[in-house]
Structures are given as structure tokens and as C-alpha cells.
Amino acid sequence: MTDPHYDIIGHGPLLLLLPGGAGHPMGLGPMTESLAGHFTVVTYDPLGLAHGRLGEPVEDQRVQDWSDGARRVLDATLPESGSAYVLGTSAGAIAALDLLARHPERLRHVIAHEPPCVGVLPDGARQQAAFREICAVYRAKGLAAAGALMTAVLEDRAAGELPEGQPLTREEELVSPMALSLAHVLGPFTAYVPEAGPPQARLTVAAGTDSRGQLLYRTAEFLAKAQQGDFVEFPGGHLGILQHPVDFADRLTRTLLGTGVRS
């Protein structure tokens, strides 16, 4: 078992970030810099893609492996009696939910931002099948077609005619975090269904204001009720963490530390 890959910035209570997609932390710099005045921000890179492993072979991922890795990061970075805040977004939010379910003893407050655990919905089986179709389209037609279908699925609308394309070669796939996500993360992670019931540490489920009326906003609302957690809105849409990094960081800080905190 290799040591987990992570980066640290800032000072204050520990905040563990679990990125989405294939776990590559690209683009998170502006947000982590905004958070660094309030938190010791630890960004977990589960596949080591930003730490020299992009281009190496990747297997189908398991939610439990990501959450176990996150626990090991906490063991390496937290004081012995300390507890951590956690933010997971998209696939990282599913890992955060599993971390909360299986390793709650070191957690203070978990925020799961738009986790695609659509199996919690009344029409969950149909939605999970839609994500399996996205993965199949990626394998048959490549990134553009899969991306167009994913956008339609997230927006709860018919996809229409998809762009034509070719499957990626193995070499092309291994150097594309988006391709790795479609090939090895999206399927198993959208199949994950957290157990209903109150968590053993505080849970907030979040969705973006621009996601209102869309699939993952509905999923977040439903999950918050099923888990007896809070529900909050964050700036932007599913990629709000990248679209509005400073406003996202401010909303996160106020959610975790209280409305009286200065940004």
C-alpha cells in the first residue's frame, strides 16, 4: 500500500478536501488560497495524478478505497486527539459520505457538495442506468459525446443527437483526468448508495444555486432528508468550486465556522 498523496496550505483547524472527477486537484488553487487564512487545507489526490502518476495505469475505482485513503491522510495530518472538517465535491463527495459512514471518529463536520449518488432517489435505478449509458457512450464515441450526454442527464432533459467521435487510445486516456473519470470512476461511484439514517458526525449536503431544477440538486435535497443532515446552497453549479472559487470558499467558511467569521 503506497502512502497517500496530498498537499497542505494555510493555518487553523484542518479542512480535508476531496476533489471530484478522477480526484485530480487541478484548478483548486484559487479556492484553497482563499481558505488558507482560516484553515489548514489538506487536498487529497487519491490517484496521485498531480503527484507524478498521470499516465500510469488506472483500475476501476472503489469508493471504499478513496475513503480509506482519506482516513490515512487524516491519520498523517491530524493531531492525535483532533478532528477535521471535510469538503467533498462530486465523486469526492461520495467518498466523503463513505468516510463519514465508516470512519466518523476523526470528523467534526462533513459537507458533501452535489454527490452523484442518484440511487437514493425514488427513480434512482433509472438515473443509475443513465450514468452507465454515459460510460458506454464514452467507450464507443469518446469524450465529446459522453460530455454532451452527461450534460443532458444532469439537466434532466433528453440528449438529442450526440456528436460523432472515436474512442480514446489507451495512451490518450491515461493522460486525461476527464477520460479516467469516465472510464474508471463515474460508474462505480454513481452505483454507491449511502445508508439512510443520522450520521455520527455533523453532515451538510450542498448544491449549487445554478443547479436548481437539475438532477444533482434534487439528489442533494433528498439525501439531506434521508441522512437527517442540513441542506445549503453554494455559489455556481456543479463546478461552482472552480467557477466561483472565492465566493465558494466564503460560503464554505461561514457554513463551517459560523456567519460571524470575516472572509
# chains A, B, ... in the order shown; residues from 1 in each chain; ligands from 1
call {"tool": "closest_atom_pairs", "arguments": {"of": "stretch 70-137 of chain A", "to": "stretch 147-155 of chain A", "cutoff": "8 Å", "atoms": "only C-alpha atoms", "output": "Markdown table"}}
result
| residue | atom | partner | partner_atom | distance |
| --- | --- | --- | --- | --- |
| A:Ala130 | CA | A:Val153 | CA | 7.0 |
| A:Phe131 | CA | A:Met150 | CA | 7.6 |
| A:Ile134 | CA | A:Met150 | CA | 6.2 |
call {"tool": "residues_around", "arguments": {"residues": "A:Gly55", "least_positions_apart": "4", "cutoff": "9 Å", "atoms": "only C-alpha atoms", "output": "PyMOL selection string"}}
result
chain A and resi 49+171-176
call {"tool": "closest_residue", "arguments": {"among": "A:Arg108, A:Asp156, A:Phe189, A:Leu99", "to": "A:Arg126", "atoms": "only C-alpha atoms"}}
result
A:Asp156
call {"tool": "select_by_dssp", "arguments": {"residues": "stretch 30-104 of chain A", "states": "alpha helix (DSSP H)", "output": "mmCIF file with all heavy atoms, in the first residue's frame"}}
result
data_model
loop_
_atom_site.group_PDB
_atom_site.id
_atom_site.type_symbol
_atom_site.label_atom_id
_atom_site.label_comp_id
_atom_site.auth_asym_id
_atom_site.auth_seq_id
_atom_site.Cartn_x
_atom_site.Cartn_y
_atom_site.Cartn_z
ATOM 1 N N PRO A 30 -7.083 28.646 -6.486
ATOM 2 C CA PRO A 30 -7.717 29.877 -6.024
ATOM 3 C C PRO A 30 -8.615 29.680 -4.804
ATOM 4 O O PRO A 30 -8.659 30.539 -3.912
ATOM 5 C CB PRO A 30 -8.525 30.325 -7.249
ATOM 6 C CG PRO A 30 -7.761 29.776 -8.415
ATOM 7 C CD PRO A 30 -7.262 28.440 -7.937
ATOM 8 N N MET A 31 -9.314 28.549 -4.728
ATOM 9 C CA MET A 31 -10.171 28.324 -3.570
ATOM 10 C C MET A 31 -9.350 27.993 -2.331
ATOM 11 O O MET A 31 -9.618 28.506 -1.235
ATOM 12 C CB MET A 31 -11.188 27.214 -3.831
ATOM 13 C CG MET A 31 -12.243 27.154 -2.728
ATOM 14 S SD MET A 31 -13.266 25.675 -2.727
ATOM 15 C CE MET A 31 -12.111 24.430 -2.225
ATOM 16 N N THR A 32 -8.354 27.121 -2.475
ATOM 17 C CA THR A 32 -7.566 26.757 -1.289
ATOM 18 C C THR A 32 -6.804 27.962 -0.751
ATOM 19 O O THR A 32 -6.657 28.104 0.462
ATOM 20 C CB THR A 32 -6.592 25.607 -1.606
ATOM 21 O OG1 THR A 32 -5.716 25.991 -2.660
ATOM 22 C CG2 THR A 32 -7.349 24.347 -2.002
ATOM 23 N N GLU A 33 -6.356 28.850 -1.630
ATOM 24 C CA GLU A 33 -5.682 30.067 -1.166
ATOM 25 C C GLU A 33 -6.639 30.956 -0.395
ATOM 26 O O GLU A 33 -6.254 31.593 0.602
ATOM 27 C CB GLU A 33 -5.087 30.806 -2.362
ATOM 28 C CG GLU A 33 -3.902 30.085 -2.989
ATOM 29 C CD GLU A 33 -3.504 30.661 -4.327
ATOM 30 O OE1 GLU A 33 -4.046 31.736 -4.703
ATOM 31 O OE2 GLU A 33 -2.656 30.051 -5.009
ATOM 32 N N SER A 34 -7.907 31.016 -0.827
ATOM 33 C CA SER A 34 -8.903 31.799 -0.103
ATOM 34 C C SER A 34 -9.224 31.194 1.261
ATOM 35 O O SER A 34 -9.566 31.911 2.201
ATOM 36 C CB SER A 34 -10.192 31.907 -0.933
ATOM 37 O OG SER A 34 -9.983 32.632 -2.119
ATOM 38 N N LEU A 35 -9.108 29.879 1.363
ATOM 39 C CA LEU A 35 -9.412 29.194 2.621
ATOM 40 C C LEU A 35 -8.244 29.199 3.595
ATOM 41 O O LEU A 35 -8.435 28.978 4.798
ATOM 42 C CB LEU A 35 -9.794 27.737 2.335
ATOM 43 C CG LEU A 35 -11.114 27.496 1.602
ATOM 44 C CD1 LEU A 35 -11.194 26.055 1.130
ATOM 45 C CD2 LEU A 35 -12.300 27.828 2.505
ATOM 46 N N VAL A 63 -15.202 3.236 -4.070
ATOM 47 C CA VAL A 63 -15.464 4.317 -3.116
ATOM 48 C C VAL A 63 -14.715 4.066 -1.814
ATOM 49 O O VAL A 63 -14.109 4.980 -1.237
ATOM 50 C CB VAL A 63 -16.980 4.437 -2.856
ATOM 51 C CG1 VAL A 63 -17.261 5.462 -1.765
ATOM 52 C CG2 VAL A 63 -17.716 4.812 -4.141
ATOM 53 N N GLN A 64 -14.722 2.818 -1.349
ATOM 54 C CA GLN A 64 -14.103 2.497 -0.063
ATOM 55 C C GLN A 64 -12.598 2.756 -0.079
ATOM 56 O O GLN A 64 -12.017 3.133 0.943
ATOM 57 C CB GLN A 64 -14.387 1.028 0.290
ATOM 58 C CG GLN A 64 -15.852 0.730 0.567
ATOM 59 C CD GLN A 64 -16.650 0.458 -0.696
ATOM 60 O OE1 GLN A 64 -16.148 0.609 -1.817
ATOM 61 N NE2 GLN A 64 -17.903 0.049 -0.525
ATOM 62 N N ASP A 65 -11.958 2.573 -1.234
ATOM 63 C CA ASP A 65 -10.518 2.837 -1.307
ATOM 64 C C ASP A 65 -10.231 4.326 -1.163
ATOM 65 O O ASP A 65 -9.259 4.718 -0.523
ATOM 66 C CB ASP A 65 -9.952 2.311 -2.628
ATOM 67 C CG ASP A 65 -9.921 0.790 -2.686
ATOM 68 O OD1 ASP A 65 -9.983 0.157 -1.609
ATOM 69 O OD2 ASP A 65 -9.861 0.242 -3.799
ATOM 70 N N TRP A 66 -11.071 5.159 -1.762
ATOM 71 C CA TRP A 66 -10.886 6.603 -1.623
ATOM 72 C C TRP A 66 -11.114 7.039 -0.175
ATOM 73 O O TRP A 66 -10.364 7.855 0.359
ATOM 74 C CB TRP A 66 -11.831 7.359 -2.553
ATOM 75 C CG TRP A 66 -11.407 7.389 -3.986
ATOM 76 C CD1 TRP A 66 -10.702 6.437 -4.661
ATOM 77 C CD2 TRP A 66 -11.671 8.433 -4.931
ATOM 78 N NE1 TRP A 66 -10.522 6.807 -5.968
ATOM 79 C CE2 TRP A 66 -11.099 8.026 -6.167
ATOM 80 C CE3 TRP A 66 -12.343 9.640 -4.864
ATOM 81 C CZ2 TRP A 66 -11.178 8.821 -7.316
ATOM 82 C CZ3 TRP A 66 -12.425 10.425 -6.011
ATOM 83 C CH2 TRP A 66 -11.841 10.024 -7.217
ATOM 84 N N SER A 67 -12.151 6.508 0.457
ATOM 85 C CA SER A 67 -12.428 6.935 1.838
ATOM 86 C C SER A 67 -11.384 6.372 2.800
ATOM 87 O O SER A 67 -10.991 7.050 3.763
ATOM 88 C CB SER A 67 -13.842 6.527 2.266
ATOM 89 O OG SER A 67 -14.002 5.123 2.287
ATOM 90 N N ASP A 68 -10.886 5.160 2.548
ATOM 91 C CA ASP A 68 -9.799 4.627 3.376
ATOM 92 C C ASP A 68 -8.542 5.477 3.212
ATOM 93 O O ASP A 68 -7.818 5.742 4.181
ATOM 94 C CB ASP A 68 -9.500 3.177 3.003
ATOM 95 C CG ASP A 68 -10.556 2.201 3.504
ATOM 96 O OD1 ASP A 68 -11.383 2.605 4.349
ATOM 97 O OD2 ASP A 68 -10.554 1.050 3.045
ATOM 98 N N GLY A 69 -8.262 5.894 1.979
ATOM 99 C CA GLY A 69 -7.125 6.773 1.757
ATOM 100 C C GLY A 69 -7.286 8.105 2.459
ATOM 101 O O GLY A 69 -6.327 8.643 3.019
ATOM 102 N N ALA A 70 -8.516 8.634 2.437
ATOM 103 C CA ALA A 70 -8.779 9.886 3.138
ATOM 104 C C ALA A 70 -8.550 9.732 4.639
ATOM 105 O O ALA A 70 -8.012 10.636 5.295
ATOM 106 C CB ALA A 70 -10.209 10.342 2.862
ATOM 107 N N ARG A 71 -8.951 8.590 5.185
ATOM 108 C CA ARG A 71 -8.697 8.352 6.613
ATOM 109 C C ARG A 71 -7.205 8.312 6.893
ATOM 110 O O ARG A 71 -6.734 8.848 7.911
ATOM 111 C CB ARG A 71 -9.355 7.041 7.061
ATOM 112 C CG ARG A 71 -9.106 6.718 8.534
ATOM 113 C CD ARG A 71 -9.495 5.294 8.871
ATOM 114 N NE ARG A 71 -8.813 4.323 8.045
ATOM 115 C CZ ARG A 71 -7.554 3.922 8.217
ATOM 116 N NH1 ARG A 71 -6.815 4.453 9.201
ATOM 117 N NH2 ARG A 71 -7.023 3.026 7.423
ATOM 118 N N ARG A 72 -6.440 7.714 6.010
ATOM 119 C CA ARG A 72 -4.990 7.659 6.199
ATOM 120 C C ARG A 72 -4.369 9.054 6.120
ATOM 121 O O ARG A 72 -3.404 9.358 6.833
ATOM 122 C CB ARG A 72 -4.363 6.719 5.170
ATOM 123 C CG ARG A 72 -4.711 5.240 5.411
ATOM 124 C CD ARG A 72 -4.405 4.382 4.209
ATOM 125 N NE ARG A 72 -3.014 4.492 3.804
ATOM 126 C CZ ARG A 72 -2.590 4.411 2.544
ATOM 127 N NH1 ARG A 72 -3.470 4.260 1.558
ATOM 128 N NH2 ARG A 72 -1.314 4.506 2.278
ATOM 129 N N VAL A 73 -4.916 9.902 5.259
ATOM 130 C CA VAL A 73 -4.452 11.291 5.212
ATOM 131 C C VAL A 73 -4.730 11.986 6.546
ATOM 132 O O VAL A 73 -3.870 12.704 7.083
ATOM 133 C CB VAL A 73 -5.121 12.050 4.054
ATOM 134 C CG1 VAL A 73 -4.810 13.543 4.134
ATOM 135 C CG2 VAL A 73 -4.668 11.491 2.713
ATOM 136 N N LEU A 74 -5.903 11.762 7.090
ATOM 137 C CA LEU A 74 -6.230 12.367 8.391
ATOM 138 C C LEU A 74 -5.304 11.824 9.474
ATOM 139 O O LEU A 74 -4.846 12.582 10.338
ATOM 140 C CB LEU A 74 -7.689 12.092 8.752
ATOM 141 C CG LEU A 74 -8.742 12.786 7.887
ATOM 142 C CD1 LEU A 74 -10.140 12.407 8.359
ATOM 143 C CD2 LEU A 74 -8.568 14.297 7.918
ATOM 144 N N ASP A 75 -5.020 10.538 9.454
ATOM 145 C CA ASP A 75 -4.107 9.962 10.443
ATOM 146 C C ASP A 75 -2.725 10.615 10.357
ATOM 147 O O ASP A 75 -2.036 10.779 11.370
ATOM 148 C CB ASP A 75 -3.976 8.452 10.232
ATOM 149 C CG ASP A 75 -5.228 7.684 10.623
ATOM 150 O OD1 ASP A 75 -6.080 8.258 11.327
ATOM 151 O OD2 ASP A 75 -5.354 6.513 10.216
ATOM 152 N N ALA A 76 -2.324 10.994 9.134
ATOM 153 C CA ALA A 76 -0.993 11.566 8.934
ATOM 154 C C ALA A 76 -0.926 13.051 9.250
ATOM 155 O O ALA A 76 0.158 13.584 9.509
ATOM 156 C CB ALA A 76 -0.548 11.333 7.489
ATOM 157 N N THR A 77 -2.065 13.735 9.243
ATOM 158 C CA THR A 77 -2.042 15.200 9.345
ATOM 159 C C THR A 77 -2.731 15.758 10.583
ATOM 160 O O THR A 77 -2.461 16.901 10.961
ATOM 161 C CB THR A 77 -2.697 15.832 8.098
ATOM 162 O OG1 THR A 77 -4.030 15.311 7.935
ATOM 163 C CG2 THR A 77 -1.886 15.523 6.851
ATOM 164 N N ALA A 91 -17.635 13.276 -7.190
ATOM 165 C CA ALA A 91 -17.167 11.959 -6.765
ATOM 166 C C ALA A 91 -16.503 12.032 -5.399
ATOM 167 O O ALA A 91 -16.631 11.118 -4.574
ATOM 168 C CB ALA A 91 -16.191 11.380 -7.793
ATOM 169 N N GLY A 92 -15.804 13.134 -5.131
ATOM 170 C CA GLY A 92 -15.203 13.315 -3.811
ATOM 171 C C GLY A 92 -16.231 13.418 -2.708
ATOM 172 O O GLY A 92 -15.957 13.046 -1.558
ATOM 173 N N ALA A 93 -17.425 13.917 -3.037
ATOM 174 C CA ALA A 93 -18.494 13.984 -2.041
ATOM 175 C C ALA A 93 -18.991 12.594 -1.674
ATOM 176 O O ALA A 93 -19.367 12.331 -0.525
ATOM 177 C CB ALA A 93 -19.651 14.836 -2.561
ATOM 178 N N ILE A 94 -19.009 11.691 -2.652
ATOM 179 C CA ILE A 94 -19.393 10.309 -2.348
ATOM 180 C C ILE A 94 -18.348 9.668 -1.441
ATOM 181 O O ILE A 94 -18.684 8.969 -0.476
ATOM 182 C CB ILE A 94 -19.583 9.518 -3.658
ATOM 183 C CG1 ILE A 94 -20.843 10.019 -4.366
ATOM 184 C CG2 ILE A 94 -19.660 8.024 -3.389
ATOM 185 C CD1 ILE A 94 -21.169 9.319 -5.654
ATOM 186 N N ALA A 95 -17.062 9.911 -1.719
ATOM 187 C CA ALA A 95 -16.022 9.398 -0.825
ATOM 188 C C ALA A 95 -16.164 9.998 0.569
ATOM 189 O O ALA A 95 -15.937 9.309 1.576
ATOM 190 C CB ALA A 95 -14.642 9.710 -1.402
ATOM 191 N N ALA A 96 -16.550 11.284 0.649
ATOM 192 C CA ALA A 96 -16.746 11.918 1.948
ATOM 193 C C ALA A 96 -17.900 11.275 2.711
ATOM 194 O O ALA A 96 -17.825 11.089 3.930
ATOM 195 C CB ALA A 96 -16.997 13.415 1.761
ATOM 196 N N LEU A 97 -18.964 10.921 2.012
ATOM 197 C CA LEU A 97 -20.092 10.242 2.660
ATOM 198 C C LEU A 97 -19.679 8.876 3.192
ATOM 199 O O LEU A 97 -20.094 8.464 4.289
ATOM 200 C CB LEU A 97 -21.251 10.094 1.672
ATOM 201 C CG LEU A 97 -21.969 11.382 1.251
ATOM 202 C CD1 LEU A 97 -22.913 11.100 0.087
ATOM 203 C CD2 LEU A 97 -22.731 11.988 2.427
ATOM 204 N N ASP A 98 -18.857 8.165 2.427
ATOM 205 C CA ASP A 98 -18.389 6.861 2.885
ATOM 206 C C ASP A 98 -17.418 7.011 4.051
ATOM 207 O O ASP A 98 -17.428 6.204 4.988
ATOM 208 C CB ASP A 98 -17.730 6.108 1.729
ATOM 209 C CG ASP A 98 -17.532 4.633 2.045
ATOM 210 O OD1 ASP A 98 -18.538 3.933 2.236
ATOM 211 O OD2 ASP A 98 -16.370 4.190 2.118
ATOM 212 N N LEU A 99 -16.590 8.044 4.005
ATOM 213 C CA LEU A 99 -15.699 8.340 5.132
ATOM 214 C C LEU A 99 -16.509 8.600 6.393
ATOM 215 O O LEU A 99 -16.178 8.106 7.482
ATOM 216 C CB LEU A 99 -14.833 9.556 4.792
ATOM 217 C CG LEU A 99 -13.856 10.042 5.866
ATOM 218 C CD1 LEU A 99 -12.738 9.028 6.080
ATOM 219 C CD2 LEU A 99 -13.274 11.404 5.470
ATOM 220 N N LEU A 100 -17.585 9.343 6.260
ATOM 221 C CA LEU A 100 -18.452 9.639 7.400
ATOM 222 C C LEU A 100 -19.126 8.385 7.931
ATOM 223 O O LEU A 100 -19.267 8.202 9.143
ATOM 224 C CB LEU A 100 -19.506 10.665 6.980
ATOM 225 C CG LEU A 100 -20.551 11.072 8.011
ATOM 226 C CD1 LEU A 100 -19.906 11.653 9.258
ATOM 227 C CD2 LEU A 100 -21.518 12.088 7.399
ATOM 228 N N ALA A 101 -19.522 7.485 7.028
ATOM 229 C CA ALA A 101 -20.205 6.260 7.444
ATOM 230 C C ALA A 101 -19.260 5.269 8.107
ATOM 231 O O ALA A 101 -19.634 4.586 9.065
ATOM 232 C CB ALA A 101 -20.876 5.611 6.236
ATOM 233 N N ARG A 102 -17.999 5.204 7.628
ATOM 234 C CA ARG A 102 -17.098 4.153 8.073
ATOM 235 C C ARG A 102 -16.013 4.617 9.036
ATOM 236 O O ARG A 102 -15.458 3.807 9.776
ATOM 237 C CB ARG A 102 -16.456 3.495 6.840
ATOM 238 C CG ARG A 102 -17.489 2.841 5.925
ATOM 239 C CD ARG A 102 -16.891 2.354 4.613
ATOM 240 N NE ARG A 102 -15.841 1.384 4.836
ATOM 241 C CZ ARG A 102 -14.590 1.521 4.424
ATOM 242 N NH1 ARG A 102 -14.218 2.617 3.772
ATOM 243 N NH2 ARG A 102 -13.703 0.580 4.643
#
call {"tool": "closest_residue", "arguments": {"among": "A:Cys135, A:Ala158, A:Ala220, A:Ala112", "to": "A:Thr204", "atoms": "only C-alpha atoms"}}
result
A:Ala112
call {"tool": "closest_residue", "arguments": {"among": "A:Ala159, A:Ala183, A:Cys117, A:Ala201", "to": "A:Gln228", "atoms": "only C-alpha atoms"}}
result
A:Ala201
call {"tool": "decode", "arguments": {"residues": "stretch 189-211 of chain A", "atoms": "N, CA, C and O atoms", "output": "short mmCIF file (atom, residue, chain, number, x, y, z; two decimals), in the first residue's frame"}}
result
data_model
loop_
_atom_site.label_atom_id
_atom_site.label_comp_id
_atom_site.auth_asym_id
_atom_site.auth_seq_id
_atom_site.Cartn_x
_atom_site.Cartn_y
_atom_site.Cartn_z
N PHE A 189 -18.93 4.89 -8.75
CA PHE A 189 -19.30 5.89 -7.75
C PHE A 189 -20.79 6.24 -7.82
O PHE A 189 -21.42 6.44 -6.79
N THR A 190 -21.37 6.29 -9.02
CA THR A 190 -22.81 6.55 -9.10
C THR A 190 -23.63 5.33 -8.70
O THR A 190 -24.83 5.45 -8.47
N ALA A 191 -23.00 4.17 -8.60
CA ALA A 191 -23.69 2.98 -8.08
C ALA A 191 -23.75 2.96 -6.56
O ALA A 191 -24.48 2.15 -5.97
N TYR A 192 -22.99 3.84 -5.92
CA TYR A 192 -22.91 3.86 -4.45
C TYR A 192 -24.18 4.48 -3.86
O TYR A 192 -24.62 5.55 -4.29
N VAL A 193 -24.73 3.82 -2.86
CA VAL A 193 -25.91 4.34 -2.16
C VAL A 193 -25.64 4.35 -0.66
O VAL A 193 -25.50 3.28 -0.05
N PRO A 194 -25.52 5.53 -0.05
CA PRO A 194 -25.30 5.58 1.40
C PRO A 194 -26.54 5.10 2.16
O PRO A 194 -27.67 5.27 1.68
N GLU A 195 -26.32 4.50 3.29
CA GLU A 195 -27.44 4.04 4.11
C GLU A 195 -28.15 5.24 4.72
O GLU A 195 -27.53 6.22 5.13
N ALA A 196 -29.48 5.16 4.77
CA ALA A 196 -30.27 6.23 5.38
C ALA A 196 -30.10 6.20 6.89
O ALA A 196 -29.81 5.16 7.49
N GLY A 197 -30.30 7.35 7.50
CA GLY A 197 -30.21 7.44 8.95
C GLY A 197 -29.25 8.52 9.38
O GLY A 197 -28.45 9.01 8.58
N PRO A 198 -29.32 8.91 10.64
CA PRO A 198 -28.48 10.01 11.11
C PRO A 198 -27.01 9.64 11.13
O PRO A 198 -26.65 8.55 11.58
N PRO A 199 -26.13 10.49 10.62
CA PRO A 199 -24.69 10.21 10.66
C PRO A 199 -24.14 10.40 12.06
O PRO A 199 -24.78 10.99 12.94
N GLN A 200 -22.91 9.93 12.28
CA GLN A 200 -22.29 10.02 13.60
C GLN A 200 -21.46 11.29 13.78
O GLN A 200 -20.83 11.48 14.81
N ALA A 201 -21.42 12.14 12.76
CA ALA A 201 -20.85 13.47 12.86
C ALA A 201 -21.74 14.38 12.03
O ALA A 201 -22.58 13.91 11.25
N ARG A 202 -21.58 15.68 12.19
CA ARG A 202 -22.48 16.59 11.50
C ARG A 202 -22.32 16.49 9.99
O ARG A 202 -21.20 16.44 9.47
N LEU A 203 -23.44 16.47 9.27
CA LEU A 203 -23.43 16.39 7.81
C LEU A 203 -24.24 17.53 7.23
O LEU A 203 -25.37 17.80 7.66
N THR A 204 -23.66 18.19 6.24
CA THR A 204 -24.37 19.16 5.41
C THR A 204 -24.26 18.71 3.97
O THR A 204 -23.16 18.42 3.49
N VAL A 205 -25.39 18.64 3.28
CA VAL A 205 -25.40 18.33 1.86
C VAL A 205 -25.65 19.63 1.10
O VAL A 205 -26.58 20.38 1.45
N ALA A 206 -24.83 19.90 0.09
CA ALA A 206 -24.89 21.18 -0.61
C ALA A 206 -25.17 20.98 -2.08
O ALA A 206 -24.84 19.95 -2.67
N ALA A 207 -25.78 22.00 -2.69
CA ALA A 207 -25.99 22.04 -4.14
C ALA A 207 -25.83 23.47 -4.60
O ALA A 207 -26.04 24.42 -3.83
N GLY A 208 -25.46 23.65 -5.86
CA GLY A 208 -25.24 24.97 -6.39
C GLY A 208 -26.53 25.69 -6.74
O GLY A 208 -27.50 25.06 -7.16
N THR A 209 -26.51 27.00 -6.60
CA THR A 209 -27.69 27.79 -6.96
C THR A 209 -28.03 27.64 -8.44
O THR A 209 -29.20 27.65 -8.82
N ASP A 210 -27.00 27.48 -9.27
CA ASP A 210 -27.24 27.31 -10.71
C ASP A 210 -27.73 25.91 -11.05
O ASP A 210 -28.10 25.66 -12.21
N SER A 211 -27.76 25.01 -10.08
CA SER A 211 -28.21 23.64 -10.32
C SER A 211 -29.68 23.45 -9.95
O SER A 211 -30.20 22.32 -10.07
#
